Every structure is written in C-alpha cells, then in structure tokens.
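> One file: target.cif (mmCIF, C-alpha atoms).
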```cif
data_start
loop_
_atom_site.group_PDB
_atom_site.id
_atom_site.type_symbol
_atom_site.label_atom_id
_atom_site.label_comp_id
_atom_site.auth_asym_id
_atom_site.auth_seq_id
_atom_site.Cartn_x
_atom_site.Cartn_y
_atom_site.Cartn_z
ATOM 1 C CA MET A 312 -10.005 -15.188 -15.861
ATOM 2 C CA THR A 313 -12.260 -12.250 -16.647
ATOM 3 C CA LEU A 314 -11.878 -8.907 -14.941
ATOM 4 C CA GLU A 315 -15.053 -9.545 -12.962
ATOM 5 C CA GLU A 316 -13.708 -12.923 -11.792
ATOM 6 C CA ALA A 317 -10.460 -11.301 -10.652
ATOM 7 C CA ILE A 318 -12.372 -8.630 -8.740
ATOM 8 C CA ARG A 319 -14.573 -11.228 -7.051
ATOM 9 C CA ARG A 320 -11.668 -13.587 -6.214
ATOM 10 C CA ARG A 321 -9.291 -10.973 -4.817
ATOM 11 C CA ARG A 322 -8.792 -11.213 -1.071
ATOM 12 C CA SER A 323 -6.510 -9.613 1.478
ATOM 13 C CA VAL A 324 -4.076 -12.447 2.229
ATOM 14 C CA ARG A 325 -2.031 -12.376 5.448
ATOM 15 C CA ARG A 326 -0.460 -15.840 5.464
ATOM 16 C CA PHE A 327 1.840 -16.874 2.632
ATOM 17 C CA ALA A 328 3.505 -20.043 1.412
ATOM 18 C CA PRO A 329 7.313 -19.772 1.178
ATOM 19 C CA ASP A 330 7.394 -20.402 -2.595
ATOM 20 C CA PRO A 331 9.378 -17.671 -4.353
ATOM 21 C CA VAL A 332 7.664 -15.423 -6.868
ATOM 22 C CA PRO A 333 9.420 -15.551 -10.260
ATOM 23 C CA GLU A 334 10.905 -12.256 -11.404
ATOM 24 C CA ALA A 335 8.968 -12.500 -14.662
ATOM 25 C CA ASP A 336 5.694 -12.555 -12.715
ATOM 26 C CA LEU A 337 6.717 -9.516 -10.652
ATOM 27 C CA GLU A 338 7.661 -7.648 -13.807
ATOM 28 C CA ARG A 339 4.265 -8.487 -15.303
ATOM 29 C CA LEU A 340 2.429 -7.264 -12.195
ATOM 30 C CA VAL A 341 4.269 -3.959 -12.232
ATOM 31 C CA ALA A 342 3.843 -3.547 -16.001
ATOM 32 C CA LEU A 343 0.077 -3.874 -15.552
ATOM 33 C CA ALA A 344 0.106 -1.541 -12.549
ATOM 34 C CA GLN A 345 1.853 1.053 -14.704
ATOM 35 C CA LEU A 346 -1.107 1.073 -17.077
ATOM 36 C CA ALA A 347 -3.312 2.655 -14.406
ATOM 37 C CA PRO A 348 -4.611 6.176 -15.028
ATOM 38 C CA SER A 349 -2.711 8.979 -13.340
ATOM 39 C CA ALA A 350 -3.206 12.717 -13.031
ATOM 40 C CA SER A 351 -1.826 14.439 -16.150
ATOM 41 C CA ASN A 352 -0.345 11.014 -17.022
ATOM 42 C CA GLN A 353 2.559 11.811 -14.698
ATOM 43 C CA GLN A 354 2.816 8.185 -13.488
ATOM 44 C CA MET A 355 4.209 9.407 -10.173
ATOM 45 C CA TRP A 356 4.977 5.927 -8.879
ATOM 46 C CA ARG A 357 7.849 3.545 -8.326
ATOM 47 C CA PHE A 358 7.701 -0.100 -7.270
ATOM 48 C CA LEU A 359 10.506 -1.624 -5.206
ATOM 49 C CA ALA A 360 10.463 -5.442 -4.901
ATOM 50 C CA ILE A 361 12.082 -6.579 -1.640
ATOM 51 C CA THR A 362 13.147 -10.217 -1.349
ATOM 52 C CA ASN A 363 16.160 -9.799 0.935
ATOM 53 C CA ARG A 364 15.188 -11.511 4.198
ATOM 54 C CA GLU A 365 17.551 -9.405 6.302
ATOM 55 C CA VAL A 366 16.029 -6.192 4.935
ATOM 56 C CA LEU A 367 12.500 -7.461 5.496
ATOM 57 C CA GLU A 368 13.309 -8.390 9.095
ATOM 58 C CA ARG A 369 14.842 -4.966 9.697
ATOM 59 C CA MET A 370 11.644 -3.432 8.338
ATOM 60 C CA ARG A 371 9.529 -5.647 10.590
ATOM 61 C CA GLY A 372 11.647 -4.647 13.592
ATOM 62 C CA ALA A 373 11.240 -0.960 12.774
ATOM 63 C CA VAL A 374 7.457 -1.324 12.642
ATOM 64 C CA LEU A 375 7.281 -3.292 15.906
ATOM 65 C CA ASP A 376 9.545 -0.813 17.687
ATOM 66 C CA ARG A 377 7.506 2.118 16.441
ATOM 67 C CA TYR A 378 4.233 0.689 17.715
ATOM 68 C CA ASP A 379 5.846 -0.092 21.076
ATOM 69 C CA GLU A 380 7.032 3.498 21.225
ATOM 70 C CA LEU A 381 3.563 4.823 20.383
ATOM 71 C CA ALA A 382 1.947 2.548 22.960
ATOM 72 C CA GLY A 383 4.392 3.786 25.594
ATOM 73 C CA ARG A 384 3.454 7.395 24.909
ATOM 74 C CA LEU A 385 -0.299 6.810 25.108
ATOM 75 C CA THR A 386 -1.997 7.302 28.450
ATOM 76 C CA ASP A 387 -5.349 5.715 27.664
ATOM 77 C CA ASP A 388 -5.362 1.965 28.360
ATOM 78 C CA ALA A 389 -7.619 1.138 25.422
ATOM 79 C CA ALA A 390 -5.415 3.144 23.070
ATOM 80 C CA GLN A 391 -2.332 1.310 24.346
ATOM 81 C CA VAL A 392 -3.993 -2.032 23.696
ATOM 82 C CA ALA A 393 -4.963 -0.891 20.192
ATOM 83 C CA ALA A 394 -1.409 0.263 19.424
ATOM 84 C CA ARG A 395 0.117 -3.008 20.600
ATOM 85 C CA GLY A 396 -2.565 -4.973 18.767
ATOM 86 C CA ALA A 397 -1.636 -3.188 15.543
ATOM 87 C CA LYS A 398 1.829 -4.744 15.636
ATOM 88 C CA GLY A 399 0.743 -8.094 14.246
ATOM 89 C CA TYR A 400 -1.359 -6.895 11.342
ATOM 90 C CA SER A 401 1.199 -4.210 10.436
ATOM 91 C CA SER A 402 4.282 -6.463 10.262
ATOM 92 C CA PHE A 403 3.272 -9.729 8.566
ATOM 93 C CA PHE A 404 4.558 -8.387 5.241
ATOM 94 C CA ALA A 405 7.974 -9.744 6.274
ATOM 95 C CA ASP A 406 6.611 -13.304 6.070
ATOM 96 C CA ALA A 407 5.802 -13.041 2.347
ATOM 97 C CA PRO A 408 8.375 -14.181 -0.226
ATOM 98 C CA VAL A 409 8.392 -10.675 -1.671
ATOM 99 C CA THR A 410 7.036 -7.331 -0.557
ATOM 100 C CA ILE A 411 6.533 -4.485 -3.005
ATOM 101 C CA ALA A 412 7.142 -1.019 -1.576
ATOM 102 C CA VAL A 413 5.031 1.506 -3.474
ATOM 103 C CA LEU A 414 6.709 4.897 -3.696
ATOM 104 C CA ALA A 415 5.120 8.156 -4.788
ATOM 105 C CA GLN A 416 6.276 11.622 -5.658
ATOM 106 C CA PRO A 417 4.090 14.745 -5.468
ATOM 107 C CA TYR A 418 1.910 15.726 -8.395
ATOM 108 C CA GLN A 419 3.233 18.820 -10.114
ATOM 109 C CA SER A 420 1.463 21.219 -12.447
ATOM 110 C CA PRO A 421 1.321 24.984 -13.097
ATOM 111 C CA MET A 422 -2.182 25.037 -11.598
ATOM 112 C CA ARG A 423 -0.946 23.250 -8.485
ATOM 113 C CA GLN A 424 1.750 25.876 -8.028
ATOM 114 C CA ALA A 425 -0.781 28.666 -8.480
ATOM 115 C CA LEU A 426 -3.147 27.124 -5.921
ATOM 116 C CA LEU A 427 -0.271 26.505 -3.527
ATOM 117 C CA SER A 428 0.414 30.225 -3.456
ATOM 118 C CA LEU A 429 -3.210 30.746 -2.382
ATOM 119 C CA GLU A 430 -3.629 27.841 0.042
ATOM 120 C CA GLY A 431 -0.250 28.357 1.695
ATOM 121 C CA SER A 432 0.520 24.701 2.502
ATOM 122 C CA PRO A 433 0.588 21.348 0.679
ATOM 123 C CA GLU A 434 -1.824 19.937 3.282
ATOM 124 C CA ARG A 435 -4.548 22.479 2.524
ATOM 125 C CA LEU A 436 -3.797 22.211 -1.182
ATOM 126 C CA GLY A 437 -4.494 18.485 -1.093
ATOM 127 C CA GLY A 438 -8.021 19.112 0.056
ATOM 128 C CA THR A 439 -8.524 21.682 -2.684
ATOM 129 C CA THR A 440 -7.227 19.518 -5.534
ATOM 130 C CA GLY A 441 -8.449 16.096 -4.374
ATOM 131 C CA TYR A 442 -5.014 14.546 -3.727
ATOM 132 C CA PRO A 443 -4.301 13.581 -7.366
ATOM 133 C CA ASP A 444 -1.023 11.861 -6.479
ATOM 134 C CA VAL A 445 -2.646 9.625 -3.855
ATOM 135 C CA GLN A 446 -5.573 8.813 -6.147
ATOM 136 C CA SER A 447 -3.169 7.912 -8.965
ATOM 137 C CA ILE A 448 -1.130 5.607 -6.734
ATOM 138 C CA GLY A 449 -4.321 3.976 -5.468
ATOM 139 C CA ALA A 450 -5.341 3.162 -9.027
ATOM 140 C CA ALA A 451 -1.929 1.607 -9.722
ATOM 141 C CA ILE A 452 -2.102 -0.519 -6.559
ATOM 142 C CA ALA A 453 -5.583 -1.732 -7.492
ATOM 143 C CA HIS A 454 -4.237 -2.838 -10.895
ATOM 144 C CA LEU A 455 -1.385 -4.626 -9.127
ATOM 145 C CA LEU A 456 -3.723 -6.538 -6.790
ATOM 146 C CA LEU A 457 -6.014 -7.666 -9.598
ATOM 147 C CA ALA A 458 -3.100 -8.715 -11.803
ATOM 148 C CA ALA A 459 -1.719 -10.754 -8.906
ATOM 149 C CA THR A 460 -5.095 -12.425 -8.423
ATOM 150 C CA GLU A 461 -5.147 -13.430 -12.086
ATOM 151 C CA LEU A 462 -1.751 -15.108 -11.656
ATOM 152 C CA GLY A 463 -2.855 -16.970 -8.530
ATOM 153 C CA TYR A 464 -1.037 -14.830 -5.949
ATOM 154 C CA GLY A 465 -2.327 -13.398 -2.713
ATOM 155 C CA THR A 466 -1.683 -9.788 -1.751
ATOM 156 C CA CYS A 467 -2.576 -7.300 0.934
ATOM 157 C CA TRP A 468 -2.688 -3.519 0.556
ATOM 158 C CA MET A 469 -0.940 -2.329 3.730
ATOM 159 C CA THR A 470 -0.668 1.154 5.201
ATOM 160 C CA GLY A 471 -0.302 0.157 8.876
ATOM 161 C CA PRO A 472 3.497 -0.080 8.531
ATOM 162 C CA LEU A 473 3.580 3.618 7.626
ATOM 163 C CA ALA A 474 3.527 4.408 11.340
ATOM 164 C CA ALA A 475 7.263 3.773 10.880
ATOM 165 C CA ARG A 476 7.483 5.544 7.523
ATOM 166 C CA GLU A 477 10.682 7.463 8.314
ATOM 167 C CA GLN A 478 12.449 4.350 9.584
ATOM 168 C CA LEU A 479 11.314 2.269 6.602
ATOM 169 C CA GLU A 480 12.372 4.937 4.133
ATOM 170 C CA ALA A 481 15.805 5.045 5.758
ATOM 171 C CA ILE A 482 16.169 1.252 5.496
ATOM 172 C CA LEU A 483 15.129 1.316 1.830
ATOM 173 C CA GLY A 484 17.143 4.391 0.933
ATOM 174 C CA VAL A 485 14.115 6.391 -0.185
ATOM 175 C CA GLN A 486 15.031 10.018 -0.831
ATOM 176 C CA PRO A 487 12.801 13.082 -1.377
ATOM 177 C CA PRO A 488 10.758 13.870 -3.350
ATOM 178 C CA TRP A 489 9.876 10.176 -3.159
ATOM 179 C CA ARG A 490 7.956 8.847 -0.171
ATOM 180 C CA LEU A 491 6.654 5.459 0.876
ATOM 181 C CA LEU A 492 2.895 5.198 0.403
ATOM 182 C CA ALA A 493 2.108 1.483 0.857
ATOM 183 C CA LEU A 494 3.522 -2.020 1.193
ATOM 184 C CA VAL A 495 2.083 -4.922 -0.788
ATOM 185 C CA PRO A 496 3.266 -8.417 0.207
ATOM 186 C CA VAL A 497 2.921 -10.941 -2.636
ATOM 187 C CA GLY A 498 2.967 -14.723 -2.559
ATOM 188 C CA LYS A 499 0.958 -17.896 -2.866
ATOM 189 C CA PRO A 500 -1.668 -17.996 -0.100
ATOM 190 C CA ALA A 501 -0.829 -20.419 2.702
ATOM 191 C CA ASP A 502 -4.493 -21.387 2.924
ATOM 192 C CA ALA A 503 -7.688 -20.729 1.018
ATOM 193 C CA PRO A 504 -8.913 -17.197 1.699
ATOM 194 C CA GLY A 505 -12.402 -16.921 3.104
ATOM 195 C CA PRO A 506 -15.303 -15.127 1.439
ATOM 196 C CA HIS A 507 -15.496 -11.388 1.139
ATOM 197 C CA GLY A 508 -16.873 -9.687 4.212
ATOM 198 C CA PRO A 509 -20.362 -8.220 3.861
ATOM 199 C CA ARG A 510 -20.509 -4.956 1.983
ATOM 200 C CA ARG A 511 -21.461 -2.020 4.156
ATOM 201 C CA GLU A 512 -25.084 -0.926 3.830
ATOM 202 C CA GLY A 513 -25.349 2.359 1.992
ATOM 203 C CA SER A 514 -21.979 1.989 0.239
ATOM 204 C CA GLY A 515 -23.499 0.972 -3.093
ATOM 205 C CA LEU A 516 -25.018 2.933 -5.923
ATOM 206 C CA SER A 517 -27.183 5.951 -5.291
ATOM 207 C CA TRP A 518 -28.802 8.191 -7.851
ATOM 208 C CA VAL A 519 -29.127 11.890 -8.540
ATOM 209 C CA ARG A 520 -31.742 12.040 -11.286
#
```
Show how you would write the structure in this file as structure tokens.

Amino acid sequence: MTLEEAIRRRRSVRRFAPDPVPEADLERLVALAQLAPSASNQQMWRFLAITNREVLERMRGAVLDRYDELAGRLTDDAAQVAARGAKGYSSFFADAPVTIAVLAQPYQSPMRQALLSLEGSPERLGGTTGYPDVQSIGAAIAHLLLAATELGYGTCWMTGPLAAREQLEAILGVQPPWRLLALVPVGKPADAPGPHGPRREGSGLSWVR
C-alpha cells in the first residue's frame, strides 16, 4: 500500500470485530508513530495500550457518568440533549479489542521559559508559541492511524472522552507532567467503512503569489 492509498483508505471506525490485535502489530504501530516530527525532537509522547476489559469498562463508566453530570448542570434543553447525545460517540472505545491512550508532556525549552515570564500563564503562552506539544502529538497520532490502515485495522481519533480526563487519568495512573491527550481504539472493522465525507469548500489549497 502506498502512502496515498493509506491516506485515502483511512476512515474513522466506530464498530469493531472482537479479534485481538497481536502485540507485534501494536509495537509496529507505535514504532511508526514515534517517527513523527516533534518540536526540538523532544518526542513528548507516550502510548499506553489498554486491553484489560475491566479497565476499559471503568473508563467507559467514567465517561458516561461525566456526561450525565454535565447534562444535569446545564439549563438549556438543547445543550442537555447534546451532552447526553455525546455519551455514545465518546464511549465506544471500550468496545474495541485495544485502545491506545496517547499521553503528552509539556514542551520545554529556554525560549519557552523566557516567554512564560512575559506571558504569565501557560494558556497565553500556548497561543504565542503555537502549541508545539499538541502539534507534535497530533503528528504522531496521524502516523499511528495511517500505519494501522496499512495493516488493515480501523481506528478513531477520539477527544470526546477527555470530558472525563481527570477520572480517566486516575484510572490509568497518569501522573504529572503527563496528561491524557487522546484515545485511539484499534481493531478490525466490524463492517466496511463508508466513503469519506465531502471535503469542506474552501478548505483546500489557496495561494499567496
């Protein structure tokens, strides 16, 4: 499979067959993800493969409870419906044979420390520096998804579960400076994924000549 074929075949898969994913395949996916570019080559990522069904169900429960809590605190009916509707598409990771938790640690550099003294907070600093840690992790996840496609696996890049980030980090034993940035369920698709959705008008190439 060429790189272009992998890009064109990749889909967000939400229904998985129960077939286990061999450890050798998971190691290959992560090895290829590690080859992604990262700011100052700091490789500020970790990949945690979760196959324990009890742990996955605890994670699912934490996500469902969190969205119920959020829905209960919202006063707008439409917002409540949206919060409860998010439960399904934020918890299906537990149905995959394996889910990879992608962890990140903050980007560090002398320039970052100098700018932090000027900006006064990491939040403002992120806007100034372009969030190099998040961009680096995004590149690694993209490598992971394409490598999985080449091996015939379905994946989905999930951030919806992060509504319960603190609860998930506690279940997984994630300690600072590490933080959970995404979940990626991996497995053989339960059915043939449909075509890509239409690309948004205006999202393609423009020119400054």
> Can you work out which one of A:Met355, A:Val324, A:Val519, A:Ala389 has the shortest atom-to-atom distance to Met469 of chain A, counting all atoms listed in the file?
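Answer, going by the shortest atom-to-atom distance: A:Val324.
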> Compare A:Ser323, A:Thr410, A:Ser402, A:Gln391 by their minimum atom-to-atom distance to Arg364 of chain A, counting all atoms listed in the file, and give me the closest one.
A:Thr410
> Place a sphere of radius 12 Å on (6.3, -23.1, 3.0) in the file coordinates and name every protein, DNA or RNA residue with an atom inside or on its surface, counting only C-alpha atoms; give the answer as a PyMOL selection string.
chain A and resi 326-331+406-408+498-502
> Between atom CA of Val497 of chain A and atom CA of Ser349 of chain A, what is the distance, to one decimal in Å?
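The value is 23.3 Å.
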> Find the smallest box with edges along x, y and z containing every listed atom of segment 461-470 of chain A, then add 5 Å on each side and report centre and edge lengths in Å to one decimal, as AutoDock Vina command-line options.

```
--center_x -2.9 --center_y -7.9 --center_z -3.4 --size_x 14.5 --size_y 28.1 --size_z 27.3
```
> Between A:Thr470, A:Asn363, A:Ser517, A:Thr460, which one has atoms that come closest to Ala317 of chain A, using only C-alpha atoms?
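Nearest to Ala317 of chain A: A:Thr460.
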> Kindly indicate which residue among A:Glu512, A:Glu480, A:Glu316, A:Asp444 lies nearest to Ala350 of chain A, using all atoms listed in the file for the distances.
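Among the listed residues, A:Asp444 lies closest to Ala350 of chain A.
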> Might you pull out every residue within 10 Å of Pro348 of chain A, with all atoms listed in the file counted and same-chain residues fewer than 2 positions away left off, and present them as a list in words?
Ala344, Gln345, Leu346, Ala350, Ser351, Asn352, Gln353, Gln354, Gln446, Ser447, Ile448, Gly449, Ala450, Ala451 and His454 of chain A
> In file coordinates, which residues lie within 12 Å of (-12.8, -7.3, -8.8) using all atoms listed in the file, given as a PyMOL selection string?
chain A and resi 312-322+453-461+507
> Just to confirm, what's the straight-line distance from atom CA of Arg510 of chain A to atom CA of Cys467 of chain A in Å (one decimal)?
18.1 Å
> When distances are computed from only C-alpha atoms, which of A:Arg490, A:Arg357, A:Arg371, A:Arg395 shows the smallest separation from Glu477 of chain A?
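When distances to Glu477 of chain A are compared using only C-alpha atoms, the smallest one comes from A:Arg490.
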> With distances taken over only C-alpha atoms, which of A:Glu334, A:Tyr464, A:Arg325, A:Gln419 is nearest to Gly505 of chain A?
A:Arg325
> Calculate how many Å separate atom CA of Pro443 of chain A from atom CA of Ala347 of chain A, rounding to one decimal.
13.0 Å
> With the PyMOL selection byres ((chain A and resi 373-386) around 8) as the selection, what would be picked from this file? Answer as number ranges by chain, please.
A: 369-372, 387-388, 390-392, 394-395, 397-398, 401-402, 472, 474-475, 478-479
> Starting from the sparse input, extend segment 456-481 of chain A to N, CA and C atoms and give the output as a compact mmCIF listing (two decimals), keeping the file's coordinate frame.

```txt
# COMPACT_ATOMS: atom_id res chain seq x y z
N LEU A 456 -3.03 -5.49 -7.55
CA LEU A 456 -3.72 -6.54 -6.79
C LEU A 456 -4.53 -7.45 -7.72
N LEU A 457 -5.20 -6.86 -8.69
CA LEU A 457 -6.01 -7.67 -9.60
C LEU A 457 -5.14 -8.51 -10.52
N ALA A 458 -4.02 -7.94 -10.97
CA ALA A 458 -3.10 -8.72 -11.80
C ALA A 458 -2.54 -9.89 -11.02
N ALA A 459 -2.22 -9.67 -9.75
CA ALA A 459 -1.72 -10.75 -8.91
C ALA A 459 -2.77 -11.84 -8.73
N THR A 460 -4.01 -11.45 -8.56
CA THR A 460 -5.10 -12.42 -8.42
C THR A 460 -5.19 -13.29 -9.67
N GLU A 461 -5.07 -12.68 -10.84
CA GLU A 461 -5.15 -13.43 -12.09
C GLU A 461 -4.05 -14.48 -12.16
N LEU A 462 -2.88 -14.18 -11.61
CA LEU A 462 -1.75 -15.11 -11.66
C LEU A 462 -1.74 -16.10 -10.49
N GLY A 463 -2.76 -16.02 -9.63
CA GLY A 463 -2.86 -16.97 -8.53
C GLY A 463 -2.12 -16.57 -7.26
N TYR A 464 -1.74 -15.31 -7.14
CA TYR A 464 -1.04 -14.83 -5.95
C TYR A 464 -1.98 -14.12 -5.00
N GLY A 465 -1.63 -14.17 -3.73
CA GLY A 465 -2.33 -13.40 -2.71
C GLY A 465 -1.57 -12.11 -2.44
N THR A 466 -2.28 -11.09 -2.05
CA THR A 466 -1.68 -9.79 -1.75
C THR A 466 -2.44 -9.16 -0.59
N CYS A 467 -1.87 -8.11 -0.06
CA CYS A 467 -2.58 -7.30 0.93
C CYS A 467 -2.08 -5.86 0.80
N TRP A 468 -3.00 -4.94 0.69
CA TRP A 468 -2.69 -3.52 0.56
C TRP A 468 -2.50 -2.98 1.97
N MET A 469 -1.26 -2.66 2.34
CA MET A 469 -0.94 -2.33 3.73
C MET A 469 -0.49 -0.87 3.87
N THR A 470 -1.12 -0.18 4.82
CA THR A 470 -0.67 1.15 5.20
C THR A 470 -0.30 1.22 6.68
N GLY A 471 -0.66 0.19 7.46
CA GLY A 471 -0.30 0.16 8.88
C GLY A 471 1.19 0.34 9.13
N PRO A 472 2.06 -0.26 8.30
CA PRO A 472 3.50 -0.08 8.53
C PRO A 472 3.97 1.36 8.42
N LEU A 473 3.15 2.23 7.82
CA LEU A 473 3.58 3.62 7.63
C LEU A 473 3.68 4.39 8.94
N ALA A 474 3.24 3.80 10.04
CA ALA A 474 3.53 4.41 11.34
C ALA A 474 5.03 4.58 11.52
N ALA A 475 5.80 3.70 10.84
CA ALA A 475 7.26 3.77 10.88
C ALA A 475 7.80 4.22 9.53
N ARG A 476 7.09 5.13 8.87
CA ARG A 476 7.48 5.54 7.52
C ARG A 476 8.94 6.03 7.46
N GLU A 477 9.33 6.91 8.37
CA GLU A 477 10.68 7.46 8.31
C GLU A 477 11.73 6.36 8.45
N GLN A 478 11.49 5.44 9.37
CA GLN A 478 12.45 4.35 9.58
C GLN A 478 12.50 3.43 8.35
N LEU A 479 11.35 3.13 7.78
CA LEU A 479 11.31 2.27 6.60
C LEU A 479 11.99 2.93 5.41
N GLU A 480 11.73 4.22 5.24
CA GLU A 480 12.37 4.94 4.13
C GLU A 480 13.89 4.95 4.29
N ALA A 481 14.36 5.07 5.53
CA ALA A 481 15.80 5.04 5.76
C ALA A 481 16.38 3.67 5.41
```
